[in-house]
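Undergrad: My file is upload-v1.tsv. It has TSV, C-alpha atoms:
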```tsv
chain	number	residue	atom	x	y	z
D	1	MET	CA	107.15	253.61	108.34
D	2	LYS	CA	107.79	252.04	111.73
D	3	ILE	CA	105.41	249.35	112.89
D	4	SER	CA	104.35	249.67	116.51
D	5	LEU	CA	103.68	246.78	118.85
D	6	LYS	CA	100.21	245.42	118.27
D	7	ARG	CA	98.11	245.88	121.33
D	8	GLY	CA	96.74	242.75	122.93
D	9	VAL	CA	98.63	240.36	120.61
D	10	SER	CA	100.37	237.57	122.46
D	11	MET	CA	102.55	234.68	121.44
D	12	PRO	CA	100.86	231.52	122.82
D	13	VAL	CA	104.01	229.40	122.86
D	14	HIS	CA	105.87	227.62	125.60
D	15	ASP	CA	109.19	227.48	123.73
D	16	GLU	CA	111.35	230.21	125.25
D	17	ALA	CA	113.67	230.43	122.23
D	18	ALA	CA	110.73	231.03	119.87
D	19	ALA	CA	109.26	233.56	122.29
D	20	LEU	CA	112.59	235.43	122.44
D	21	ASP	CA	112.79	235.45	118.64
D	22	PHE	CA	109.26	236.84	118.52
D	23	LEU	CA	110.16	239.53	121.07
D	24	ILE	CA	113.32	240.61	119.29
D	25	GLY	CA	111.55	240.67	115.95
D	26	ARG	CA	108.75	242.81	117.33
D	27	LEU	CA	111.22	245.22	118.94
D	28	ARG	CA	113.05	245.59	115.62
D	29	GLU	CA	109.76	246.42	113.93
D	30	THR	CA	109.04	249.04	116.58
D	31	GLY	CA	112.42	250.75	116.44
D	32	PRO	CA	113.49	252.99	119.35
D	33	VAL	CA	111.62	252.28	122.60
D	34	THR	CA	111.27	253.94	125.97
D	35	VAL	CA	111.21	251.43	128.83
D	36	ALA	CA	109.50	252.24	132.13
D	37	PHE	CA	112.47	251.06	134.14
D	38	SER	CA	112.19	249.93	137.76
D	39	GLY	CA	115.48	248.05	137.73
D	40	GLY	CA	113.73	244.74	138.38
D	41	ILE	CA	114.37	241.60	136.36
D	42	ASP	CA	111.49	242.22	133.93
D	43	SER	CA	112.29	245.79	132.91
D	44	ARG	CA	116.01	244.97	132.82
D	45	PHE	CA	115.36	241.99	130.56
D	46	LEU	CA	113.21	244.13	128.28
D	47	ALA	CA	116.01	246.70	127.98
D	48	HIS	CA	118.48	243.84	127.46
D	49	ALA	CA	116.29	242.41	124.67
D	50	GLY	CA	116.18	245.84	123.05
D	51	LEU	CA	119.98	245.84	122.93
D	52	LEU	CA	119.97	242.31	121.49
D	53	ALA	CA	117.53	243.56	118.85
D	54	GLY	CA	119.88	246.43	118.02
D	55	VAL	CA	117.35	249.18	118.71
D	56	SER	CA	117.80	252.39	120.66
D	57	VAL	CA	116.62	251.97	124.26
D	58	GLU	CA	115.73	254.91	126.50
D	59	LEU	CA	115.05	254.24	130.18
D	60	VAL	CA	112.81	256.25	132.48
D	61	HIS	CA	113.16	255.51	136.18
D	62	VAL	CA	110.79	256.88	138.82
D	63	ARG	CA	112.06	257.67	142.31
D	64	GLY	CA	109.94	258.68	145.28
D	65	PRO	CA	108.83	257.70	148.78
D	66	HIS	CA	107.20	254.55	147.38
D	67	VAL	CA	110.54	253.19	146.11
D	68	ALA	CA	113.32	251.94	148.38
D	69	PRO	CA	116.51	253.99	147.80
D	70	GLU	CA	118.53	250.82	147.20
D	71	GLU	CA	116.23	249.89	144.32
D	72	SER	CA	116.89	253.21	142.58
D	73	GLU	CA	120.61	252.95	143.28
D	74	TYR	CA	120.80	249.50	141.70
D	75	ALA	CA	118.65	250.50	138.72
D	76	LEU	CA	120.78	253.53	137.87
D	77	GLY	CA	124.02	251.61	138.43
D	78	TRP	CA	122.96	248.77	136.15
D	79	ALA	CA	121.87	251.17	133.42
D	80	ALA	CA	125.23	252.96	133.59
D	81	SER	CA	127.07	249.61	133.34
D	82	MET	CA	125.12	248.86	130.15
D	83	GLY	CA	125.74	252.28	128.66
D	84	LEU	CA	122.04	253.12	128.63
D	85	SER	CA	120.71	256.63	129.13
D	86	VAL	CA	118.22	257.11	131.97
D	87	LYS	CA	115.77	259.86	132.68
D	88	SER	CA	115.15	259.91	136.44
D	89	LEU	CA	111.85	261.36	137.64
D	90	LEU	CA	111.27	262.31	141.27
D	91	LEU	CA	107.54	261.83	141.87
D	92	ASP	CA	105.37	261.59	144.98
D	93	PRO	CA	102.21	259.46	144.57
D	94	LEU	CA	101.29	260.25	148.20
D	95	ILE	CA	99.78	263.52	146.93
D	96	LEU	CA	97.05	261.56	145.12
D	97	PRO	CA	93.77	261.44	147.11
D	98	GLU	CA	93.18	257.71	146.54
D	99	VAL	CA	96.75	256.88	147.57
D	100	ALA	CA	96.73	259.23	150.56
D	101	ALA	CA	93.54	257.55	151.82
D	102	GLY	CA	94.87	254.02	151.37
D	103	SER	CA	92.01	253.32	148.97
D	104	LYS	CA	91.63	250.06	147.08
D	105	GLU	CA	92.07	252.21	143.97
D	106	ARG	CA	95.53	253.34	145.10
D	107	CYS	CA	97.41	251.09	142.68
D	108	TYR	CA	95.36	252.17	139.69
D	109	GLU	CA	95.62	255.88	140.52
D	110	CYS	CA	99.33	255.63	141.29
D	111	LYS	CA	100.12	253.67	138.12
D	112	ARG	CA	98.17	256.07	135.93
D	113	PHE	CA	99.87	259.11	137.50
D	114	LEU	CA	103.36	257.65	137.12
D	115	PHE	CA	102.90	256.56	133.52
D	116	GLU	CA	101.36	259.87	132.51
D	117	GLN	CA	104.58	261.49	133.73
D	118	ILE	CA	106.71	258.91	131.91
D	119	LEU	CA	104.78	259.54	128.70
D	120	SER	CA	105.39	263.26	129.06
D	121	VAL	CA	109.18	262.85	128.87
D	122	ALA	CA	109.45	259.81	126.57
D	123	THR	CA	110.91	260.24	123.10
D	124	SER	CA	109.76	256.81	121.84
D	125	PRO	CA	106.81	254.43	122.31
D	126	VAL	CA	106.59	253.53	126.02
D	127	CYS	CA	106.82	249.88	127.06
D	128	ASP	CA	106.69	248.26	130.47
D	129	GLY	CA	107.97	244.96	131.83
D	130	SER	CA	104.65	243.18	132.46
D	131	ASN	CA	104.99	239.51	131.54
D	132	ALA	CA	102.65	236.62	130.75
D	133	SER	CA	102.67	235.43	134.37
D	134	ASP	CA	101.16	238.74	135.48
D	135	ALA	CA	97.96	237.90	133.61
D	136	GLN	CA	97.39	235.08	136.11
D	137	GLN	CA	97.53	237.45	139.09
D	138	PHE	CA	95.47	240.37	140.30
D	139	ARG	CA	97.11	243.54	138.97
D	140	PRO	CA	94.93	246.62	139.68
D	141	GLY	CA	97.36	248.91	137.88
D	142	ARG	CA	97.01	246.98	134.64
D	143	ARG	CA	93.86	248.94	133.81
D	144	ALA	CA	95.84	252.18	133.81
D	145	LEU	CA	98.40	250.73	131.40
D	146	LEU	CA	95.68	249.65	129.00
D	147	GLU	CA	93.98	253.05	129.16
D	148	LEU	CA	97.25	254.80	128.35
D	149	CYS	CA	98.12	252.32	125.56
D	150	ILE	CA	101.36	251.25	127.24
D	151	ARG	CA	102.88	248.27	125.46
D	152	SER	CA	103.98	245.13	127.29
D	153	PRO	CA	106.28	243.31	124.84
D	154	LEU	CA	107.23	240.51	127.26
D	155	ALA	CA	103.57	239.60	127.80
D	156	GLU	CA	102.87	239.89	124.07
D	157	ALA	CA	105.69	237.43	123.39
D	158	GLY	CA	104.17	234.98	125.89
D	159	LEU	CA	107.20	235.16	128.18
D	160	THR	CA	106.50	234.00	131.72
D	161	LYS	CA	108.61	234.93	134.73
D	162	ASP	CA	110.35	231.54	134.67
D	163	MET	CA	111.11	231.88	130.96
D	164	ILE	CA	112.53	235.37	131.52
D	165	ARG	CA	114.85	234.10	134.26
D	166	SER	CA	115.98	231.21	132.09
D	167	LEU	CA	116.67	233.46	129.10
D	168	ALA	CA	118.41	235.98	131.34
D	169	ARG	CA	120.83	233.26	132.43
D	170	LYS	CA	121.41	232.06	128.87
D	171	THR	CA	121.98	235.54	127.43
D	172	GLY	CA	124.26	236.81	130.20
D	173	LEU	CA	121.95	239.22	132.03
D	174	ALA	CA	123.14	239.93	135.58
D	175	ARG	CA	121.08	238.69	138.56
D	176	PRO	CA	118.63	236.41	136.73
D	177	GLU	CA	117.20	235.30	140.08
D	178	GLN	CA	116.57	238.88	141.24
D	179	GLN	CA	113.45	238.97	143.41
D	180	ALA	CA	110.73	241.56	142.92
D	181	ARG	CA	110.57	244.38	145.44
D	182	ALA	CA	107.20	245.87	144.60
D	183	CYS	CA	106.07	249.39	145.46
D	184	LEU	CA	106.33	250.00	149.22
D	185	LEU	CA	102.64	250.95	149.34
D	186	THR	CA	101.81	247.26	148.88
D	187	ARG	CA	103.17	246.66	152.38
D	188	LEU	CA	100.20	248.48	153.91
D	189	PRO	CA	96.61	247.23	154.34
D	190	TYR	CA	93.83	249.11	152.63
D	191	GLY	CA	92.37	251.94	154.66
D	192	LEU	CA	95.66	252.91	156.25
D	193	PRO	CA	96.86	256.37	155.10
D	194	PRO	CA	100.56	256.08	154.19
D	195	ASP	CA	103.24	258.63	154.92
D	196	ALA	CA	106.83	258.96	153.76
D	197	ARG	CA	108.32	258.21	157.19
D	198	LEU	CA	106.42	254.93	157.52
D	199	LEU	CA	107.46	253.83	154.03
D	200	ALA	CA	111.10	254.75	154.72
D	201	ARG	CA	110.98	252.74	157.95
D	202	LEU	CA	109.66	249.69	156.13
D	203	ALA	CA	112.34	250.07	153.45
D	204	ALA	CA	115.04	250.23	156.14
D	205	GLY	CA	113.62	247.11	157.81
D	206	GLU	CA	113.66	245.21	154.53
D	207	ARG	CA	117.23	246.30	153.87
D	208	ALA	CA	118.28	244.90	157.27
D	209	VAL	CA	116.42	241.63	156.61
D	210	GLU	CA	118.03	241.26	153.18
D	211	GLU	CA	121.50	241.83	154.61
D	212	ALA	CA	120.87	239.18	157.29
D	213	LEU	CA	119.61	236.69	154.71
D	214	GLN	CA	122.57	237.29	152.42
D	215	ALA	CA	125.02	236.91	155.30
D	216	ALA	CA	123.48	233.49	156.00
D	217	GLY	CA	123.78	232.41	152.37
D	218	HIS	CA	120.17	233.06	151.34
D	219	GLU	CA	120.76	235.03	148.14
D	220	GLU	CA	117.80	236.53	146.22
D	221	PHE	CA	115.35	235.36	148.87
D	222	PRO	CA	111.70	236.46	148.35
D	223	PHE	CA	110.12	238.31	151.28
D	224	ARG	CA	108.04	241.35	152.26
D	225	LEU	CA	107.84	243.33	155.51
D	226	ARG	CA	104.22	244.33	156.01
D	227	LEU	CA	102.10	246.17	158.52
D	228	GLY	CA	99.14	244.02	159.49
D	229	ASP	CA	95.63	245.21	160.35
D	230	SER	CA	96.34	244.73	164.06
D	231	GLY	CA	99.36	247.03	163.95
D	232	CYS	CA	101.79	244.12	164.22
D	233	HIS	CA	104.56	244.07	161.64
D	234	GLU	CA	104.66	240.81	159.70
D	235	LEU	CA	107.69	239.47	157.85
D	236	HIS	CA	106.31	237.30	155.05
D	237	LEU	CA	108.72	234.76	153.57
D	238	GLY	CA	108.19	233.45	150.05
D	239	ARG	CA	110.07	230.24	150.83
D	240	GLU	CA	110.38	228.23	154.00
D	241	ILE	CA	113.39	228.60	156.25
D	242	HIS	CA	113.78	225.45	158.34
D	243	SER	CA	116.40	226.90	160.67
D	244	SER	CA	114.77	228.15	163.87
D	245	ARG	CA	118.01	230.00	164.61
D	246	MET	CA	117.71	231.91	161.32
D	247	LEU	CA	114.09	232.79	162.03
D	248	CYS	CA	115.07	234.10	165.45
D	249	LYS	CA	117.87	236.08	163.81
D	250	LEU	CA	115.40	237.78	161.49
D	251	GLU	CA	113.21	238.73	164.45
D	252	GLU	CA	116.25	240.10	166.28
D	253	VAL	CA	117.28	242.15	163.25
D	254	LEU	CA	113.87	243.80	163.05
D	255	LEU	CA	113.72	244.38	166.79
D	256	ALA	CA	117.08	246.13	166.51
D	257	GLU	CA	115.55	248.33	163.78
D	258	GLY	CA	112.88	249.45	166.24
D	259	PHE	CA	110.01	247.17	165.22
D	260	SER	CA	108.51	246.18	168.56
D	261	ARG	CA	105.88	243.63	167.46
D	262	ILE	CA	107.07	241.09	164.91
D	263	SER	CA	105.50	238.02	163.35
D	264	VAL	CA	107.55	235.90	160.91
D	265	ARG	CA	105.74	233.43	158.69
D	266	CYS	CA	105.79	231.79	155.28
D	267	VAL	CA	103.06	232.68	152.76
D	268	SER	CA	102.19	230.91	149.53
D	269	GLN	CA	102.25	234.10	147.43
D	270	LEU	CA	103.81	237.45	148.19
D	271	SER	CA	102.19	239.55	145.47
D	272	GLY	CA	98.66	240.82	145.97
D	273	TYR	CA	98.57	239.73	149.61
D	274	PHE	CA	96.08	242.35	150.83
D	275	ASP	CA	93.86	241.83	147.78
D	276	ARG	CA	93.63	238.12	148.56
D	277	MET	CA	93.01	238.85	152.23
D	278	ASP	CA	90.21	241.23	151.29
D	279	ALA	CA	88.63	238.65	148.98
D	280	LYS	CA	88.87	236.01	151.73
D	281	GLN	CA	87.22	238.33	154.25
D	282	LYS	CA	84.41	239.11	151.82
D	283	THR	CA	83.85	235.40	151.21
D	284	GLN	CA	83.76	234.69	154.94
D	285	SER	CA	81.32	237.58	155.42
D	286	VAL	CA	78.98	236.23	152.75
D	287	LEU	CA	79.13	232.74	154.27
D	288	ALA	CA	78.42	234.16	157.72
D	289	GLU	CA	75.42	236.10	156.39
D	290	GLY	CA	74.19	232.94	154.67
D	291	ARG	CA	74.44	230.91	157.88
D	292	ALA	CA	72.65	233.65	159.81
D	293	GLY	CA	69.87	233.65	157.23
D	294	MET	CA	69.46	229.89	157.46
D	295	LEU	CA	69.25	230.10	161.26
D	296	GLU	CA	66.58	232.79	161.05
D	297	SER	CA	64.61	230.66	158.57
D	298	ALA	CA	64.87	227.64	160.86
D	299	GLN	CA	63.65	229.69	163.80
D	300	ASP	CA	60.74	231.02	161.76
D	301	ASP	CA	59.78	227.46	160.85
```
Show this structure as structure tokens.

TA:
Amino acid sequence: MKISLKRGVSMPVHDEAAALDFLIGRLRETGPVTVAFSGGIDSRFLAHAGLLAGVSVELVHVRGPHVAPEESEYALGWAASMGLSVKSLLLDPLILPEVAAGSKERCYECKRFLFEQILSVATSPVCDGSNASDAQQFRPGRRALLELCIRSPLAEAGLTKDMIRSLARKTGLARPEQQARACLLTRLPYGLPPDARLLARLAAGERAVEEALQAAGHEEFPFRLRLGDSGCHELHLGREIHSSRMLCKLEEVLLAEGFSRISVRCVSQLSGYFDRMDAKQKTQSVLAEGRAGMLESAQDD
């Protein structure tokens, strides 16, 4: 009888070698697995670990307007180079009411929809690439994974993003410094209804930015191209670029792509940007209400 991954069990260690041993051992216990495969470093490392464990690995990759075409192209190319079979699903989360409205529940609804479809075609227990670092960040879609009993072996092994990159280098996985390119819907503020043309335009802008960065020697540079609340497009950089010439070049590249209003700036964290902005606005609103209340009390006195 095959033993499945134990839900919620994690490996509270900081030794990456021990964590990798734990992961490989758990994968061997599980047997064949189906990996929800984006082509990012986490899902690639999970598939890679499955091969190291000697188990059968099936990949399911989702394509759609929320995924940049280059991401799908790389994912399918990498899988082919590893000799792994891939089931490619063409899905459109824009048909979901919460997503179409730009609701704060869009990530949850989208994640649940996508994984329900993955489960419907999977031939083995479904796993995703969530890692231990994700537990420290706001991940609205995590609730959907828990509800659907999707396993997260990297998180269960206690592997953080840094540990995954380090082990990827040591075990020969290509592009260990690969930067995350999250769902294109995360580029839009809440309340803004998305459409396929807008998402495609943002994807094209990011492709142009990445090409400019690579040409200047900035490989695997973290960034996002977002649409701000004011309608101005904002290029958020995950690391500082001290060359004013390079910053001007990035603006020029986006202007050439048809983006008329551009703001380029460095942000401390790229993931969950609009969630943090929303929390900040709520905090400021509460403080403002508190100050107004104190003024009213003072006037009454």

Undergrad: Between D:Gly102, D:Pro69, D:Gly272, D:Pro93, which has the minimum distance to Arg207 in chain D (counting all atoms listed in the file)?

TA: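 When distances to Arg207 in chain D are compared using all atoms listed in the file, the smallest one comes from D:Pro69.
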
Undergrad: Which value, in Å to one decimal, gives the distance between CA of Leu20 in chain D and CA of Thr171 in chain D?

TA: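 Between these atoms lies a distance of 10.6 Å.
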
Undergrad: Give me the residues within 8 Å of range 104-118 of chain D as a list in words, counting only C-alpha atoms and dropping any in the same chain fewer than 2 places off.

TA: Ala36, Val60, Val62, Leu91, Pro93, Leu96, Glu98, Val99, Gly102, Ser120, Val121, Ala122, Val126, Pro140, Gly141, Arg142, Arg143, Ala144, Leu145, Leu148, Tyr190 and Gly191 of chain D

Undergrad: Any idea what's packed within 9 Å of His66 in chain D, counting only C-alpha atoms, ignoring anything in its chain fewer than 6 positions away? Could you give it as a ChimeraX atom specification?

TA: /D:92-94,183-185,196,199-200

Undergrad: Enumerate, in order of chain and increasing residue number, the residues of range 42-121 of chain D with an atom no farther than 12 Å from range 158-170 of chain D, each with its shortest atom pair and distance in Å to one decimal, counting all atoms listed in the file, as JSON lines.

TA:
```
{"residue": "D:Asp42", "atom": "CA", "partner": "D:Ile164", "partner_atom": "CA", "distance": 7.3}
{"residue": "D:Ser43", "atom": "CA", "partner": "D:Ile164", "partner_atom": "CA", "distance": 10.5}
{"residue": "D:Arg44", "atom": "CA", "partner": "D:Ala168", "partner_atom": "CA", "distance": 9.4}
{"residue": "D:Phe45", "atom": "CA", "partner": "D:Ala168", "partner_atom": "CA", "distance": 6.8}
{"residue": "D:Leu46", "atom": "CA", "partner": "D:Ile164", "partner_atom": "CA", "distance": 9.4}
{"residue": "D:Ala47", "atom": "CA", "partner": "D:Ala168", "partner_atom": "CA", "distance": 11.5}
{"residue": "D:His48", "atom": "CA", "partner": "D:Ala168", "partner_atom": "CA", "distance": 8.8}
{"residue": "D:Ala49", "atom": "CA", "partner": "D:Ala168", "partner_atom": "CA", "distance": 9.5}
{"residue": "D:Leu52", "atom": "CA", "partner": "D:Ala168", "partner_atom": "CA", "distance": 11.8}
```

Undergrad: Can you write out the residues you just picked, keeping C-alpha atoms, as an mmCIF file, keeping the file's coordinate frame?

TA:
```cif
data_model
loop_
_atom_site.group_PDB
_atom_site.id
_atom_site.type_symbol
_atom_site.label_atom_id
_atom_site.label_comp_id
_atom_site.auth_asym_id
_atom_site.auth_seq_id
_atom_site.Cartn_x
_atom_site.Cartn_y
_atom_site.Cartn_z
ATOM 1 C CA ASP D 42 111.490 242.220 133.930
ATOM 2 C CA SER D 43 112.290 245.790 132.910
ATOM 3 C CA ARG D 44 116.010 244.970 132.820
ATOM 4 C CA PHE D 45 115.360 241.990 130.560
ATOM 5 C CA LEU D 46 113.210 244.130 128.280
ATOM 6 C CA ALA D 47 116.010 246.700 127.980
ATOM 7 C CA HIS D 48 118.480 243.840 127.460
ATOM 8 C CA ALA D 49 116.290 242.410 124.670
ATOM 9 C CA LEU D 52 119.970 242.310 121.490
#
```

Undergrad: Calculated over all atoms listed in the file, which of the candidates D:Leu119, D:Ala204, D:Cys127, D:Leu254 has the smallest distance to Glu71 in chain D?

TA: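 When distances to Glu71 in chain D are compared using all atoms listed in the file, the smallest one comes from D:Ala204.
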
Undergrad: Using only C-alpha atoms, can you tell me which of D:Ser244, D:Pro65, D:Lys249, D:Gln269 comes closest to Glu210 in chain D?

TA: D:Lys249

Undergrad: What does the structure give for the distance between CA of Gly39 in chain D and CA of Glu70 in chain D, in Å to one decimal?

TA: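 Separating CA of Gly39 in chain D from CA of Glu70 in chain D is a distance of 10.3 Å.
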
Undergrad: CA of Gly25 in chain D and CA of Ala75 in chain D, how far apart in Å?

TA: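 Distance reported for this atom pair: 25.8 Å.
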
Undergrad: Counting only C-alpha atoms, figure out which residue out of D:Glu211, D:Glu16, D:Glu156, D:Ala53 gets nearest to Glu29 in chain D.

TA: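 Selected residue with least distance to Glu29 in chain D: D:Ala53.
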
Undergrad: So, with only C-alpha atoms as the atoms that count, which of D:Val33, D:Leu270, D:Leu227, D:Ala203 lies closest to Ser124 in chain D?

TA: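 Of the candidates, the smallest distance to Ser124 in chain D is held by D:Val33.
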
Undergrad: What would range 73-90 of chain D look like with N, CA and C atoms in place, written as a PDB file, keeping the file's coordinate frame?

TA:
```pdb
ATOM      1  N   GLU D  73     119.154 252.990 143.402  1.00  0.00           N
ATOM      2  CA  GLU D  73     120.610 252.950 143.280  1.00  0.00           C
ATOM      3  C   GLU D  73     121.049 251.813 142.362  1.00  0.00           C
ATOM      4  N   TYR D  74     120.444 250.646 142.551  1.00  0.00           N
ATOM      5  CA  TYR D  74     120.800 249.500 141.700  1.00  0.00           C
ATOM      6  C   TYR D  74     120.373 249.749 140.263  1.00  0.00           C
ATOM      7  N   ALA D  75     119.162 250.260 140.076  1.00  0.00           N
ATOM      8  CA  ALA D  75     118.650 250.500 138.720  1.00  0.00           C
ATOM      9  C   ALA D  75     119.568 251.437 137.942  1.00  0.00           C
ATOM     10  N   LEU D  76     119.942 252.547 138.552  1.00  0.00           N
ATOM     11  CA  LEU D  76     120.780 253.530 137.870  1.00  0.00           C
ATOM     12  C   LEU D  76     122.186 252.987 137.633  1.00  0.00           C
ATOM     13  N   GLY D  77     122.696 252.203 138.594  1.00  0.00           N
ATOM     14  CA  GLY D  77     124.020 251.610 138.430  1.00  0.00           C
ATOM     15  C   GLY D  77     124.051 250.602 137.299  1.00  0.00           C
ATOM     16  N   TRP D  78     123.020 249.769 137.219  1.00  0.00           N
ATOM     17  CA  TRP D  78     122.960 248.770 136.150  1.00  0.00           C
ATOM     18  C   TRP D  78     122.868 249.442 134.792  1.00  0.00           C
ATOM     19  N   ALA D  79     122.015 250.462 134.689  1.00  0.00           N
ATOM     20  CA  ALA D  79     121.870 251.170 133.420  1.00  0.00           C
ATOM     21  C   ALA D  79     123.202 251.767 132.969  1.00  0.00           C
ATOM     22  N   ALA D  80     123.931 252.363 133.919  1.00  0.00           N
ATOM     23  CA  ALA D  80     125.230 252.960 133.590  1.00  0.00           C
ATOM     24  C   ALA D  80     126.203 251.889 133.104  1.00  0.00           C
ATOM     25  N   SER D  81     126.159 250.693 133.737  1.00  0.00           N
ATOM     26  CA  SER D  81     127.070 249.610 133.340  1.00  0.00           C
ATOM     27  C   SER D  81     126.777 249.104 131.938  1.00  0.00           C
ATOM     28  N   MET D  82     125.529 249.304 131.481  1.00  0.00           N
ATOM     29  CA  MET D  82     125.120 248.860 130.150  1.00  0.00           C
ATOM     30  C   MET D  82     125.233 249.977 129.113  1.00  0.00           C
ATOM     31  N   GLY D  83     125.625 251.162 129.572  1.00  0.00           N
ATOM     32  CA  GLY D  83     125.740 252.280 128.660  1.00  0.00           C
ATOM     33  C   GLY D  83     124.415 252.840 128.194  1.00  0.00           C
ATOM     34  N   LEU D  84     123.373 252.660 128.997  1.00  0.00           N
ATOM     35  CA  LEU D  84     122.040 253.120 128.630  1.00  0.00           C
ATOM     36  C   LEU D  84     121.725 254.454 129.310  1.00  0.00           C
ATOM     37  N   SER D  85     121.096 255.338 128.567  1.00  0.00           N
ATOM     38  CA  SER D  85     120.710 256.630 129.130  1.00  0.00           C
ATOM     39  C   SER D  85     119.439 256.468 129.968  1.00  0.00           C
ATOM     40  N   VAL D  86     119.371 257.196 131.072  1.00  0.00           N
ATOM     41  CA  VAL D  86     118.220 257.110 131.970  1.00  0.00           C
ATOM     42  C   VAL D  86     117.708 258.507 132.288  1.00  0.00           C
ATOM     43  N   LYS D  87     116.415 258.658 132.167  1.00  0.00           N
ATOM     44  CA  LYS D  87     115.770 259.860 132.680  1.00  0.00           C
ATOM     45  C   LYS D  87     115.195 259.497 134.039  1.00  0.00           C
ATOM     46  N   SER D  88     115.605 260.200 135.084  1.00  0.00           N
ATOM     47  CA  SER D  88     115.150 259.910 136.440  1.00  0.00           C
ATOM     48  C   SER D  88     114.124 260.946 136.869  1.00  0.00           C
ATOM     49  N   LEU D  89     112.933 260.470 137.218  1.00  0.00           N
ATOM     50  CA  LEU D  89     111.850 261.360 137.640  1.00  0.00           C
ATOM     51  C   LEU D  89     111.627 261.210 139.135  1.00  0.00           C
ATOM     52  N   LEU D  90     111.596 262.324 139.840  1.00  0.00           N
ATOM     53  CA  LEU D  90     111.270 262.310 141.270  1.00  0.00           C
ATOM     54  C   LEU D  90     109.791 262.653 141.411  1.00  0.00           C
TER      55      LEU D  90
END
```
